[in-house]
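Source file: input_4.tsv; contents: TSV, C-alpha atoms.
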chain	number	residue	atom	x	y	z
A	200	MET	CA	0.00	0.00	0.00
A	201	ILE	CA	1.43	3.37	-1.07
A	202	ALA	CA	0.74	6.23	1.37
A	203	ALA	CA	-0.77	9.53	0.21
A	204	ARG	CA	1.78	11.54	-1.76
A	205	PRO	CA	2.37	15.30	-1.87
A	206	ALA	CA	0.76	17.12	-4.78
A	207	PRO	CA	3.02	18.12	-7.70
A	208	GLU	CA	2.80	21.81	-6.78
A	209	VAL	CA	3.90	20.99	-3.22
A	210	ILE	CA	6.91	19.09	-4.59
A	211	ARG	CA	7.89	22.00	-6.84
A	212	SER	CA	7.44	24.54	-4.06
A	213	ALA	CA	9.55	22.53	-1.63
A	214	ARG	CA	12.24	22.15	-4.27
A	215	ALA	CA	12.41	25.92	-4.76
A	216	GLU	CA	13.31	26.26	-1.09
A	217	ASP	CA	16.19	23.75	-1.38
A	218	PRO	CA	17.48	23.81	-4.98
A	219	LYS	CA	20.95	22.42	-4.29
A	220	MET	CA	20.10	19.04	-2.76
A	221	ARG	CA	20.54	16.10	-5.11
A	222	GLU	CA	17.21	15.12	-6.64
A	223	ARG	CA	17.39	11.53	-5.43
A	224	ASP	CA	18.06	12.69	-1.86
A	225	PHE	CA	15.37	15.37	-2.11
A	226	ALA	CA	12.77	12.82	-3.19
A	227	ARG	CA	13.73	10.57	-0.30
A	228	MET	CA	13.39	13.50	2.13
A	229	LEU	CA	9.83	14.09	0.86
A	230	GLY	CA	9.02	10.40	1.18
A	231	ILE	CA	8.43	9.96	-2.54
A	232	SER	CA	10.15	8.08	-5.33
A	233	GLU	CA	12.48	9.78	-7.80
A	234	ALA	CA	9.98	9.14	-10.61
A	235	GLU	CA	7.31	11.07	-8.69
A	236	PHE	CA	9.70	13.96	-8.25
A	237	VAL	CA	10.49	14.07	-11.98
A	238	ALA	CA	6.81	13.71	-12.97
A	239	ALA	CA	5.93	16.79	-10.90
A	240	TRP	CA	7.78	18.89	-13.51
A	241	VAL	CA	5.83	17.71	-16.57
A	242	PHE	CA	4.89	20.84	-18.60
A	243	GLU	CA	7.84	22.61	-16.95
A	244	GLY	CA	10.80	21.16	-18.84
A	245	VAL	CA	9.78	17.50	-18.48
A	246	ARG	CA	7.94	15.32	-21.00
A	247	ARG	CA	6.53	11.89	-20.21
A	248	LEU	CA	7.69	9.09	-22.49
A	249	ASP	CA	6.06	5.86	-23.57
A	250	VAL	CA	8.67	3.33	-22.47
A	251	ARG	CA	9.39	1.23	-25.54
A	252	VAL	CA	12.87	-0.12	-24.87
A	253	ASP	CA	13.49	-1.45	-28.40
A	254	ASP	CA	12.63	1.94	-29.95
A	255	PHE	CA	14.77	3.73	-27.37
A	256	LEU	CA	17.79	1.55	-28.08
A	257	ASN	CA	17.39	1.61	-31.84
A	258	GLY	CA	17.21	5.40	-31.78
A	259	MET	CA	20.13	6.08	-29.46
A	260	GLU	CA	23.06	5.75	-31.86
A	261	THR	CA	21.92	8.85	-33.78
A	262	LEU	CA	22.46	10.95	-30.64
A	263	GLY	CA	26.21	10.40	-30.86
A	264	GLU	CA	28.31	10.82	-27.74
A	265	VAL	CA	26.32	10.75	-24.49
A	266	MET	CA	26.84	9.74	-20.89
A	267	ALA	CA	25.07	6.55	-19.73
A	268	LEU	CA	24.34	6.24	-16.00
A	269	THR	CA	23.24	3.21	-14.02
A	270	ARG	CA	23.23	3.16	-10.24
A	271	ASN	CA	22.02	1.48	-7.11
A	272	GLU	CA	21.95	2.74	-3.51
A	273	SER	CA	25.72	2.45	-3.08
A	274	ALA	CA	27.35	2.78	-6.51
A	275	VAL	CA	27.01	5.12	-9.50
A	276	HIS	CA	28.46	3.92	-12.83
A	277	GLU	CA	28.88	6.48	-15.64
A	278	LYS	CA	30.19	5.76	-19.14
A	279	ILE	CA	30.76	8.26	-21.95
A	280	GLY	CA	30.40	6.97	-25.48
A	281	VAL	CA	27.93	5.96	-28.18
A	282	TYR	CA	25.09	3.43	-27.98
A	283	ASP	CA	25.89	0.96	-30.73
A	284	LYS	CA	25.85	-2.77	-31.47
A	285	VAL	CA	22.32	-2.90	-30.08
A	286	VAL	CA	20.51	-6.21	-29.61
A	287	THR	CA	16.81	-5.90	-28.77
A	288	GLY	CA	14.46	-8.44	-27.22
A	289	LYS	CA	11.29	-8.74	-25.14
A	290	HIS	CA	12.96	-10.25	-22.09
A	291	ALA	CA	16.55	-9.01	-22.46
A	292	ALA	CA	18.33	-6.45	-24.59
A	293	MET	CA	21.92	-5.27	-24.93
A	294	ALA	CA	24.17	-2.49	-26.11
A	295	LEU	CA	27.59	-3.94	-26.83
A	296	GLY	CA	29.62	-0.90	-27.79
A	297	GLU	CA	33.25	-0.41	-26.89
A	298	ASP	CA	32.37	2.17	-24.23
A	299	ILE	CA	28.66	1.76	-23.45
A	300	ASP	CA	28.07	-1.87	-22.55
A	301	LEU	CA	24.63	-2.68	-21.11
A	302	ARG	CA	22.48	-5.67	-20.21
A	303	ILE	CA	18.86	-4.54	-20.07
A	304	PHE	CA	15.76	-6.23	-18.60
A	305	PRO	CA	12.82	-4.40	-20.23
A	306	ARG	CA	10.08	-5.56	-17.84
A	307	HIS	CA	11.58	-3.27	-15.19
A	308	TRP	CA	11.45	-0.21	-17.47
A	309	VAL	CA	8.01	1.20	-16.56
A	310	HIS	CA	8.18	5.02	-16.45
A	311	GLY	CA	10.20	7.33	-18.69
A	312	TYR	CA	10.81	11.07	-19.01
A	313	ALA	CA	12.73	13.51	-21.16
A	314	VAL	CA	14.14	16.15	-18.82
A	315	GLU	CA	15.46	19.60	-19.67
A	316	LYS	CA	16.71	22.03	-17.05
A	317	LEU	CA	19.06	24.98	-16.73
A	318	ASP	CA	22.32	24.48	-14.88
A	319	GLY	CA	24.01	27.16	-12.80
A	320	ASP	CA	25.56	28.67	-15.91
A	321	GLY	CA	22.25	28.98	-17.73
A	322	VAL	CA	22.99	26.05	-20.05
A	323	VAL	CA	20.16	23.65	-20.91
A	324	ARG	CA	20.95	20.12	-19.78
A	325	ARG	CA	18.99	17.32	-21.44
A	326	SER	CA	18.51	13.73	-20.28
A	327	LEU	CA	16.37	10.63	-20.73
A	328	GLN	CA	15.40	9.01	-17.43
A	329	PHE	CA	13.77	5.63	-16.89
A	330	PHE	CA	12.28	4.17	-13.71
A	331	ASP	CA	10.82	0.88	-12.49
A	332	ALA	CA	7.33	0.27	-11.09
A	333	ALA	CA	8.44	1.47	-7.64
A	334	GLY	CA	9.74	4.74	-9.12
A	335	ASP	CA	13.42	3.89	-8.68
A	336	ALA	CA	15.81	4.82	-11.47
A	337	VAL	CA	16.89	1.95	-13.73
A	338	HIS	CA	18.91	3.93	-16.30
A	339	LYS	CA	19.60	7.51	-17.41
A	340	VAL	CA	21.19	9.11	-20.45
A	341	HIS	CA	22.70	12.59	-20.21
A	342	LEU	CA	23.49	14.55	-23.35
A	343	ARG	CA	26.91	16.14	-23.74
A	344	ASP	CA	28.20	19.07	-25.74
A	345	ALA	CA	28.93	16.75	-28.69
A	346	SER	CA	25.48	15.12	-28.64
A	347	ASN	CA	23.05	15.57	-31.55
A	348	VAL	CA	20.18	17.60	-30.07
A	349	ASP	CA	18.05	17.28	-33.24
A	350	ALA	CA	18.29	13.48	-33.01
A	351	TYR	CA	17.38	13.70	-29.31
A	352	GLU	CA	14.27	15.74	-30.15
A	353	ALA	CA	13.29	13.29	-32.88
A	354	LEU	CA	13.59	10.36	-30.48
A	355	VAL	CA	11.62	12.16	-27.75
A	356	THR	CA	8.89	12.98	-30.25
A	357	LYS	CA	8.73	9.33	-31.32
A	358	LEU	CA	8.48	8.14	-27.72
A	359	LEU	CA	6.21	10.90	-26.41
A	360	HIS	CA	3.41	9.53	-24.23
A	361	PRO	CA	-0.13	10.59	-25.26
A	362	GLU	CA	-0.94	11.41	-21.62
A	363	GLN	CA	1.25	14.09	-20.11
A	364	SER	CA	0.54	13.89	-16.37
A	365	GLN	CA	2.26	15.41	-13.34
A	366	SER	CA	1.47	12.34	-11.27
A	367	VAL	CA	2.64	8.78	-11.67
A	368	GLU	CA	1.28	5.51	-10.31
A	369	ILE	CA	3.85	3.86	-8.06
A	370	VAL	CA	3.64	0.22	-6.95
A	371	ALA	CA	5.40	-0.98	-3.82
A	372	PRO	CA	7.87	-3.78	-4.62
A	373	ILE	CA	6.96	-7.27	-3.46
A	374	PRO	CA	9.95	-8.89	-1.77
A	375	ALA	CA	10.94	-12.27	-3.13
A	376	ILE	CA	10.53	-15.25	-0.81
A	377	ARG	CA	13.79	-17.17	-0.69
A	378	ALA	CA	14.63	-20.55	0.75
A	379	ALA	CA	16.06	-20.55	4.26
A	380	ALA	CA	19.75	-21.41	4.31
A	381	SER	CA	19.04	-24.42	6.51
A	382	SER	CA	16.74	-25.92	3.85
A	383	VAL	CA	19.17	-25.59	0.93
A	384	ASP	CA	20.62	-28.79	-0.54
A	385	VAL	CA	24.23	-27.68	-0.09
A	386	ASP	CA	25.71	-30.80	-1.68
A	387	GLY	CA	23.43	-30.32	-4.66
A	388	LEU	CA	24.45	-26.65	-4.89
A	389	ARG	CA	28.13	-27.57	-4.88
A	390	SER	CA	27.57	-30.26	-7.48
A	391	ARG	CA	25.75	-27.86	-9.83
A	392	TRP	CA	28.34	-25.16	-9.22
A	393	SER	CA	31.29	-27.45	-9.96
A	394	ALA	CA	29.60	-28.61	-13.19
A	395	MET	CA	29.31	-25.10	-14.66
A	396	THR	CA	30.90	-24.65	-18.07
A	397	ASP	CA	29.80	-21.03	-18.53
A	398	VAL	CA	29.42	-18.30	-15.90
A	399	HIS	CA	25.99	-17.41	-17.32
A	400	GLN	CA	24.67	-20.74	-15.99
A	401	PHE	CA	24.98	-19.27	-12.49
A	402	ILE	CA	21.63	-17.44	-12.70
A	403	SER	CA	19.84	-20.72	-13.40
A	404	ILE	CA	21.43	-22.24	-10.32
A	405	LEU	CA	20.11	-19.39	-8.15
A	406	LYS	CA	16.62	-19.86	-9.59
A	407	ASP	CA	16.62	-23.63	-9.23
A	408	PHE	CA	17.71	-23.50	-5.58
A	409	ASN	CA	15.59	-20.36	-4.89
A	410	ILE	CA	18.47	-18.58	-3.18
A	411	THR	CA	20.10	-15.19	-3.41
A	412	ARG	CA	23.55	-14.55	-4.79
A	413	LEU	CA	24.88	-13.88	-1.29
A	414	GLN	CA	23.34	-17.09	0.08
A	415	SER	CA	25.05	-19.03	-2.69
A	416	VAL	CA	28.54	-17.73	-1.94
A	417	ARG	CA	28.05	-18.25	1.79
A	418	LEU	CA	26.98	-21.87	1.28
A	419	VAL	CA	29.03	-23.21	-1.61
A	420	GLY	CA	32.29	-23.65	0.30
A	421	GLU	CA	35.80	-22.20	0.12
A	422	GLU	CA	36.74	-24.10	-3.01
A	423	PHE	CA	34.46	-21.67	-4.86
A	424	ALA	CA	33.93	-18.62	-2.61
A	425	TRP	CA	35.68	-17.10	0.38
A	426	PRO	CA	35.18	-13.86	2.34
A	427	VAL	CA	37.82	-11.12	2.22
A	428	LEU	CA	38.18	-7.93	4.23
A	429	ARG	CA	35.82	-5.07	3.44
A	430	ASN	CA	38.65	-2.79	2.36
A	431	SER	CA	39.60	-5.33	-0.32
A	432	VAL	CA	37.56	-3.49	-2.97
A	433	ALA	CA	39.49	-0.25	-2.45
A	434	ASP	CA	42.79	-2.14	-2.26
A	435	MET	CA	42.03	-3.98	-5.50
A	436	MET	CA	41.09	-0.77	-7.31
A	437	HIS	CA	44.25	1.02	-6.22
A	438	GLU	CA	46.43	-1.96	-7.13
A	439	SER	CA	44.75	-2.37	-10.52
A	440	ALA	CA	45.25	1.33	-11.28
A	441	GLU	CA	48.92	1.22	-10.30
A	442	ALA	CA	49.56	-1.90	-12.38
A	443	GLY	CA	47.49	-0.78	-15.37
A	444	LEU	CA	45.53	-4.01	-15.02
A	445	PRO	CA	42.40	-4.01	-17.23
A	446	ILE	CA	39.32	-4.96	-15.24
A	447	MET	CA	35.59	-5.32	-15.75
A	448	CYS	CA	33.34	-3.37	-13.37
A	449	PHE	CA	29.61	-4.20	-13.17
A	450	VAL	CA	27.00	-2.03	-11.45
A	451	GLY	CA	23.33	-2.89	-11.70
A	452	SER	CA	19.86	-1.52	-11.00
A	453	ALA	CA	16.71	-3.60	-11.17
A	454	GLY	CA	16.51	-3.13	-14.93
A	455	CYS	CA	20.03	-2.60	-16.20
A	456	ILE	CA	23.60	-3.77	-15.67
A	457	GLN	CA	26.28	-1.37	-16.88
A	458	ILE	CA	29.83	-2.58	-17.52
A	459	HIS	CA	33.22	-0.91	-17.79
A	460	SER	CA	35.98	-2.93	-19.46
A	461	GLY	CA	39.56	-1.70	-19.40
A	462	PRO	CA	42.15	-0.19	-17.08
A	463	ILE	CA	41.33	2.48	-14.50
A	464	ALA	CA	43.73	5.29	-13.66
A	465	SER	CA	42.41	8.08	-11.44
A	466	VAL	CA	41.18	6.47	-8.18
A	467	LYS	CA	40.39	9.09	-5.54
A	468	PRO	CA	38.72	8.82	-2.13
A	469	MET	CA	36.40	11.61	-0.99
A	470	GLY	CA	34.72	11.12	2.37
A	471	PRO	CA	32.87	7.78	2.30
A	472	TRP	CA	33.11	7.66	-1.50
A	473	LEU	CA	35.80	6.06	-3.63
A	474	ASN	CA	35.78	7.61	-7.10
A	475	VAL	CA	37.18	6.75	-10.49
A	476	MET	CA	37.46	9.90	-12.62
A	477	ASP	CA	38.83	8.72	-15.97
A	478	PRO	CA	38.06	10.36	-19.34
A	479	THR	CA	35.23	7.99	-20.34
A	480	PHE	CA	34.50	6.20	-17.05
A	481	HIS	CA	33.34	7.63	-13.74
A	482	LEU	CA	32.53	5.47	-10.72
A	483	HIS	CA	31.30	6.62	-7.32
A	484	LEU	CA	31.26	3.89	-4.67
A	485	ARG	CA	30.10	4.20	-1.05
A	486	LEU	CA	32.72	2.21	0.83
A	487	ASP	CA	30.90	2.67	4.15
A	488	GLN	CA	27.89	0.76	2.82
A	489	ILE	CA	29.90	-2.35	1.97
A	490	VAL	CA	29.19	-5.03	4.58
A	491	GLU	CA	30.54	-8.21	3.00
A	492	VAL	CA	33.10	-8.81	0.25
A	493	TRP	CA	33.59	-12.21	-1.38
A	494	ALA	CA	36.10	-13.62	-3.82
A	495	VAL	CA	34.18	-16.00	-6.06
A	496	ARG	CA	35.40	-18.70	-8.42
A	497	LYS	CA	33.13	-20.10	-11.12
A	498	PRO	CA	34.14	-22.98	-13.42
A	499	ALA	CA	34.09	-22.34	-17.16
A	500	SER	CA	35.01	-24.38	-20.22
A	501	ASP	CA	38.35	-22.57	-20.43
A	502	GLY	CA	39.21	-22.66	-16.73
A	503	HIS	CA	37.62	-20.93	-13.78
A	504	VAL	CA	36.66	-17.25	-13.69
A	505	THR	CA	37.34	-15.16	-10.57
A	506	SER	CA	35.23	-12.22	-9.38
A	507	LEU	CA	35.29	-9.81	-6.44
A	508	GLU	CA	31.82	-9.00	-5.13
A	509	ALA	CA	30.64	-6.42	-2.56
A	510	TYR	CA	27.30	-6.65	-0.73
A	511	ASP	CA	25.32	-4.20	1.40
A	512	ALA	CA	23.50	-4.60	4.72
A	513	ASN	CA	20.44	-6.01	2.93
A	514	GLY	CA	22.51	-8.67	1.20
A	515	GLU	CA	22.17	-6.94	-2.17
A	516	LEU	CA	25.04	-6.92	-4.65
A	517	ILE	CA	26.55	-3.43	-4.87
A	518	ILE	CA	29.33	-3.98	-7.37
A	519	GLN	CA	31.20	-6.82	-9.04
A	520	PHE	CA	34.64	-6.97	-10.64
A	521	PHE	CA	36.41	-9.37	-13.02
A	522	GLY	CA	39.67	-9.27	-14.86
A	523	LYS	CA	39.04	-8.15	-18.43
A	524	ARG	CA	38.75	-11.14	-20.73
A	525	LYS	CA	37.07	-12.15	-23.93
A	526	GLU	CA	34.58	-14.98	-23.74
A	527	GLY	CA	36.32	-18.22	-24.57
A	528	SER	CA	39.73	-17.01	-23.39
A	529	VAL	CA	41.66	-17.97	-20.27
A	530	GLU	CA	41.43	-15.65	-17.27
A	531	ARG	CA	44.32	-13.23	-16.76
A	532	ALA	CA	46.87	-14.65	-14.33
A	533	ASP	CA	47.64	-11.21	-12.85
A	534	TRP	CA	43.98	-10.64	-11.98
A	535	ARG	CA	43.64	-14.07	-10.40
A	536	THR	CA	46.82	-13.55	-8.38
A	537	LEU	CA	45.63	-10.14	-7.16
A	538	VAL	CA	42.27	-11.48	-5.92
A	539	GLU	CA	43.69	-14.61	-4.35
A	540	ALA	CA	46.20	-12.50	-2.41
A	541	LEU	CA	43.54	-10.33	-0.75
A	542	PRO	CA	43.41	-10.91	3.05
A	543	ARG	CA	40.68	-13.33	4.04
A	544	ASN	CA	38.02	-12.34	6.54
A	545	PRO	CA	37.30	-14.86	9.28
A	546	GLN	CA	34.05	-12.97	10.07
A	547	PRO	CA	32.36	-12.03	6.77
A	548	SER	CA	30.09	-9.39	8.30
A	549	ALA	CA	32.98	-7.71	10.14
A	550	ALA	CA	35.62	-5.33	8.84
Could you write out this structure as structure tokens?
Amino acid sequence: MIAARPAPEVIRSARAEDPKMRERDFARMLGISEAEFVAAWVFEGVRRLDVRVDDFLNGMETLGEVMALTRNESAVHEKIGVYDKVVTGKHAAMALGEDIDLRIFPRHWVHGYAVEKLDGDGVVRRSLQFFDAAGDAVHKVHLRDASNVDAYEALVTKLLHPEQSQSVEIVAPIPAIRAAASSVDVDGLRSRWSAMTDVHQFISILKDFNITRLQSVRLVGEEFAWPVLRNSVADMMHESAEAGLPIMCFVGSAGCIQIHSGPIASVKPMGPWLNVMDPTFHLHLRLDQIVEVWAVRKPASDGHVTSLEAYDANGELIIQFFGKRKEGSVERADWRTLVEALPRNPQPSAA
């Protein structure tokens, strides 16, 4: 049940009194979703879109260089580049470009808006913003100076929703019911895990055993997963930057996983955040919200694949790292050595 929400004019008025707070934080302060906040500005720089993911993806390449943003509560992943090598589909879609690399789950793309607003310098900033049924952001696209504004307008016109409303219907998420750890067939889990020949088979294992990703790594045993200290993510990022080691960095929302592949260079802490500020890749990671970190080993036809995974207090995956590799190739020895050398944590939920 969703509680009564403030009227759009109340949202706009409150925003005028506090224009500098980040929109996501402002929406949370008002007790509304980010989609409700954005919808309140329809007719005032915001246009509601009909969320047709295939049409969105097929139209994006004409915009040229943009910034793609996918985030969750603890990590923000930004990539600058062009949407190309698009693969559409009802249940899953992809953009497989050199810079913008996405895995998209269209059923979670429910609300969409084209947003235009003036920045502090009086420049119009344009973006496309998509949200799930609960009003949480699944993916955003921000135009840059080099973007094709005419192509943006053409795409917005094509996707324009016939009903332009300042309110939006939000549905509270229904939590999934998972098997209790004590009821899981651990031997069966280990048998299925050891028989993997492709890392993509892992999702089927989670579904078949009705467990979460974190449950699986806790239960499968140290041959395949072991806890490391919470600061291991920061240590790995600094070491990778110093060594020029190309990595893969995955950050996901409910409806999109965004991937960086390549080396990272500029790794800078700022308060609780650890930031990557490279020319085409920006990452903002809340280190203080990492509760458990696991090194995970999955069998594949060409040898096992090693990942480093960070989880929050709710057991949700925040961020995941691999060594950069092409499918069908052997994992990089330097990446495997780096992960296996990270200090183990005898108490996974402790620092």
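Distances here use only C-alpha atoms; by that measure, the residue among A:Asn513, A:Ala292, A:Ile210, A:Glu421 closest to Pro374 of chain A is A:Asn513.
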* To do: Starting from the point (39.6, -2.3, -19.3), work out which residues of protein, DNA or RNA have an atom no more than 8 Å away when counting only C-alpha atoms; state them as a PyMOL selection string.
  => chain A and resi 444-447+459-463+523
Pairwise distance, atom CA of Glu362 of chain A with atom CA of Trp240 of chain A, equals 14.1 Å
Excluding segment 406-414 of chain A and residues on its chain fewer than 4 positions from it, collect all residues at most 12 Å away from it, counting all atoms listed in the file, and give them as an mmCIF file with C-alpha atoms, in the coordinates of the input.
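Once written, part.cif looks like this:
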data_model
loop_
_atom_site.group_PDB
_atom_site.id
_atom_site.type_symbol
_atom_site.label_atom_id
_atom_site.label_comp_id
_atom_site.auth_asym_id
_atom_site.auth_seq_id
_atom_site.Cartn_x
_atom_site.Cartn_y
_atom_site.Cartn_z
ATOM 1 C CA ALA A 375 10.940 -12.270 -3.130
ATOM 2 C CA ILE A 376 10.530 -15.250 -0.810
ATOM 3 C CA ARG A 377 13.790 -17.170 -0.690
ATOM 4 C CA ALA A 378 14.630 -20.550 0.750
ATOM 5 C CA ALA A 379 16.060 -20.550 4.260
ATOM 6 C CA ALA A 380 19.750 -21.410 4.310
ATOM 7 C CA SER A 381 19.040 -24.420 6.510
ATOM 8 C CA SER A 382 16.740 -25.920 3.850
ATOM 9 C CA VAL A 383 19.170 -25.590 0.930
ATOM 10 C CA ASP A 384 20.620 -28.790 -0.540
ATOM 11 C CA VAL A 385 24.230 -27.680 -0.090
ATOM 12 C CA ASP A 386 25.710 -30.800 -1.680
ATOM 13 C CA GLY A 387 23.430 -30.320 -4.660
ATOM 14 C CA LEU A 388 24.450 -26.650 -4.890
ATOM 15 C CA ARG A 389 28.130 -27.570 -4.880
ATOM 16 C CA ARG A 391 25.750 -27.860 -9.830
ATOM 17 C CA TRP A 392 28.340 -25.160 -9.220
ATOM 18 C CA GLN A 400 24.670 -20.740 -15.990
ATOM 19 C CA PHE A 401 24.980 -19.270 -12.490
ATOM 20 C CA ILE A 402 21.630 -17.440 -12.700
ATOM 21 C CA LEU A 418 26.980 -21.870 1.280
ATOM 22 C CA VAL A 419 29.030 -23.210 -1.610
ATOM 23 C CA GLY A 420 32.290 -23.650 0.300
ATOM 24 C CA ALA A 424 33.930 -18.620 -2.610
ATOM 25 C CA TRP A 425 35.680 -17.100 0.380
ATOM 26 C CA PRO A 426 35.180 -13.860 2.340
ATOM 27 C CA VAL A 490 29.190 -5.030 4.580
ATOM 28 C CA GLU A 491 30.540 -8.210 3.000
ATOM 29 C CA VAL A 492 33.100 -8.810 0.250
ATOM 30 C CA TRP A 493 33.590 -12.210 -1.380
ATOM 31 C CA ALA A 494 36.100 -13.620 -3.820
ATOM 32 C CA VAL A 495 34.180 -16.000 -6.060
ATOM 33 C CA GLU A 508 31.820 -9.000 -5.130
ATOM 34 C CA ALA A 509 30.640 -6.420 -2.560
ATOM 35 C CA TYR A 510 27.300 -6.650 -0.730
ATOM 36 C CA ASP A 511 25.320 -4.200 1.400
ATOM 37 C CA ALA A 512 23.500 -4.600 4.720
ATOM 38 C CA ASN A 513 20.440 -6.010 2.930
ATOM 39 C CA GLY A 514 22.510 -8.670 1.200
ATOM 40 C CA GLU A 515 22.170 -6.940 -2.170
ATOM 41 C CA LEU A 516 25.040 -6.920 -4.650
ATOM 42 C CA ILE A 517 26.550 -3.430 -4.870
ATOM 43 C CA GLN A 519 31.200 -6.820 -9.040
ATOM 44 C CA PRO A 547 32.360 -12.030 6.770
ATOM 45 C CA SER A 548 30.090 -9.390 8.300
#
Would you pick out the contacts of Ser465 of chain A at 7 Å or less, using all atoms listed in the file, so that residues sharing its chain but fewer than 2 positions from it are not included, and give the list as a PyMOL selection string? chain A and resi 463+467+475-477
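What separates atom CA of Arg270 of chain A from atom CA of Ser452 of chain A is a distance of 5.8 Å.
One distance worth recording is that between atom CA of Arg325 of chain A and atom CA of Val340 of chain A, which is 8.6 Å.
Look at segment 482-488 of chain A: the protein and nucleic acid residues within 7 Å of it, using all atoms listed in the file and passing over chain neighbours fewer than 4 places away, are Ser273, Ala274, Val275, His276, Glu277, Pro471, Trp472, Leu473, Asn474, Val475, Met476 and Asp511 of chain A.
For the choices A:Leu317, A:Ile456, A:Val209, A:Val370, the atom-to-atom distance to Asn271 of chain A is smallest for A:Ile456 when using all atoms listed in the file.
Here the question is which of A:Ile303, A:Ala453, A:Ala440, A:Leu229 gets nearest to Lys289 of chain A using only C-alpha atoms, and that residue is A:Ile303.
Nearest-residue note for Arg251 of chain A: choosing from A:Val432, A:Leu354, A:Val504, A:Ala294, the minimum distance belongs to A:Leu354, counting only C-alpha atoms.
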Need the shell around Leu262 of chain A: protein/DNA/RNA residues with any atom at most 9 Å away, counting only C-alpha atoms. Skip same-chain ones fewer than 4 positions apart. Format as a PDB file with C-alpha atoms, in the frame of the given file?
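result23.pdb was written with the following content:
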ATOM      1  CA  GLY A 258      17.210   5.400 -31.780  1.00  0.00           C
ATOM      2  CA  VAL A 281      27.930   5.960 -28.180  1.00  0.00           C
ATOM      3  CA  TYR A 282      25.090   3.430 -27.980  1.00  0.00           C
ATOM      4  CA  LEU A 342      23.490  14.550 -23.350  1.00  0.00           C
ATOM      5  CA  ALA A 345      28.930  16.750 -28.690  1.00  0.00           C
ATOM      6  CA  SER A 346      25.480  15.120 -28.640  1.00  0.00           C
ATOM      7  CA  ASN A 347      23.050  15.570 -31.550  1.00  0.00           C
ATOM      8  CA  VAL A 348      20.180  17.600 -30.070  1.00  0.00           C
ATOM      9  CA  ASP A 349      18.050  17.280 -33.240  1.00  0.00           C
ATOM     10  CA  ALA A 350      18.290  13.480 -33.010  1.00  0.00           C
ATOM     11  CA  TYR A 351      17.380  13.700 -29.310  1.00  0.00           C
ATOM     12  CA  LEU A 354      13.590  10.360 -30.480  1.00  0.00           C
TER      13      LEU A 354
END
Residue with the minimum atom-to-atom distance to Gly522 of chain A, picked from A:Arg535, A:Arg496, A:Lys316, A:His310 with only C-alpha atoms counted, is A:Arg535
Across A:Arg306, A:Arg543, A:Arg214, A:Lys278, the smallest distance to Leu428 of chain A, with all atoms listed in the file counted, is shown by A:Arg543
With all atoms listed in the file as the counted atoms, please give the residues lying no more than 12 Å from Ala239 of chain A, apart from itself and same-chain residues fewer than 3 positions off, as a PyMOL selection string.
chain A and resi 204-214+226+231-236+242-247+312+314+363-367
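Around the point (44.9, -15.6, -18.6), within 12 Å and counting only C-alpha atoms, we find these residues: Pro445, Asp501, Gly502, His503, Val504, Thr505, Phe521, Gly522, Lys523, Arg524, Lys525, Glu526, Gly527, Ser528, Val529, Glu530, Arg531, Ala532, Asp533, Trp534, Arg535 and Thr536 of chain A.
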